[in-house]
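Scroll down for the structure; my scribbles are underneath it.
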Amino acid sequence: MLEKIDGIIIKTKDYGETHKLVTIFSNKIGKFNALAKGAKKPKSRMAAVTQPFINARFFVYIGSGLSTIQQGEVLDSFRIIREDIFKTAYVSYMAELTDKLLDAKENDSFLYEQFYQTLLWINNQDEVDIPVIMYELKLYKKAGFAPVLHQCSRCGNQEGLSKFSIREGGMLCQQCAYFDPEAVHISEKLSRLLYLFSEVDLKRIGNIRMKKENVQLIRKILYEYYDQYGGFWIKSRKVLDQLDLFIPNVTNGNSYNE
Ligand SMILES: [Zn+2]
């Protein structure tokens, strides 16, 4: 059956001499693999629509075996992302996380929309950490290991949430903080913001600024949290870490105010 499916290329792999096997995150059937015949020939039309992070309208033959892309037209090439090593690193990280954590052919149009909106944001704006964090939190929820952010992960108390515990899987209230001496202190304001990030549609966020040290703190907490519960090694995270290390601040600007 020939289907018209809008989606974003999240992984590509050579397949034989001239073909590519691509993984597409779509708004219709979730994540799926498809064969792109002739996509390795640089001048082929198929090559243009099967580059990493291309958003395209694909005409895909879906049968009992491997799906095959018959044709495609680029909707958004995200050129700015692909020409910027830092932006590429962020999107590679998001794409790899999505590929690893999402089950094949399980549709989630909200998550797809968040992925797409995050790419648009990264393409058009300089501050990119917060949208990426927002997407990660939603992806973790979809994958079934979201941290508990709206209440104490031990007693359900919704007040005084000021410690994040990797071990307990989320926030701890002041009374329960002693359960995990290694829990990281984060302000109540920041914990409320983190909960907001995990819930709200990125489209509803116009502009958001946070102190650089808070972004780094959340980044660090989420990395450790992922390492505890995520289960897959994320290769592209290393690139992101190295880029951040070599040239601090470059992707974050310097105008934070919480
Ligand atoms: Zn508690």
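In the structure tokens, chains take the letters A, B, ... in the order shown, each chain's residues start at 1, and ligands count up from 1 in the order shown.
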
(request) Write out as number ranges by chain each polymer residue (protein, DNA or RNA) that has an atom no more than 6 Å from ligand 1, with only C-alpha atoms and all ligand atoms counted. (result) A: 152, 154-157, 172-173, 175-176

(request) Could you give me, as a list of chain:residue names, the residues within 9 Å of Leu119 (chain A), counting only C-alpha atoms and dropping anything in the same chain fewer than 2 positions from it? (result)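 Answer for this query is A:Phe53, A:Phe78, A:Ile81, A:Val91, A:Gln114, A:Phe115, A:Tyr116, A:Gln117, A:Trp121, A:Ile122, A:Asn123, A:Asn124.
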
Could you give me, as a Markdown table, every region 78-99 of chain A residue with an atom at most 9 Å from region 7-26 of chain A, plus its closest atom pair and distance in Å to one decimal, counting only C-alpha atoms, rows ordered by chain then number?
| residue | atom | partner | partner_atom | distance |
| --- | --- | --- | --- | --- |
| A:Ser92 | CA | A:Ile10 | CA | 7.9 |
| A:Met94 | CA | A:Ile10 | CA | 8.8 |
| A:Ala95 | CA | A:Ile10 | CA | 5.1 |
| A:Glu96 | CA | A:Ile10 | CA | 7.2 |
| A:Thr98 | CA | A:Ile10 | CA | 8.0 |
| A:Asp99 | CA | A:Ile10 | CA | 7.0 |

(request) Quick one: everything within 10 Å of region 187-191 of chain A, counting only C-alpha atoms, minus sequence neighbours fewer than 4 positions away in the same chain. Send it as a PyMOL selection string. (result) chain A and resi 149-151+159-164+171+173+195-197+210+214-215+218+258

(message) Report, in Å to a single decimal, how far apart CA of Lys220 (chain A) and CA of Ile85 (chain A) are.
(response) 21.6 Å

(request) Just the residues within 8 Å of Ser109 (chain A), please, counting only C-alpha atoms, with nothing from its chain fewer than 5 positions along; format it as a ChimeraX atom specification. (result) /A:27-28,30
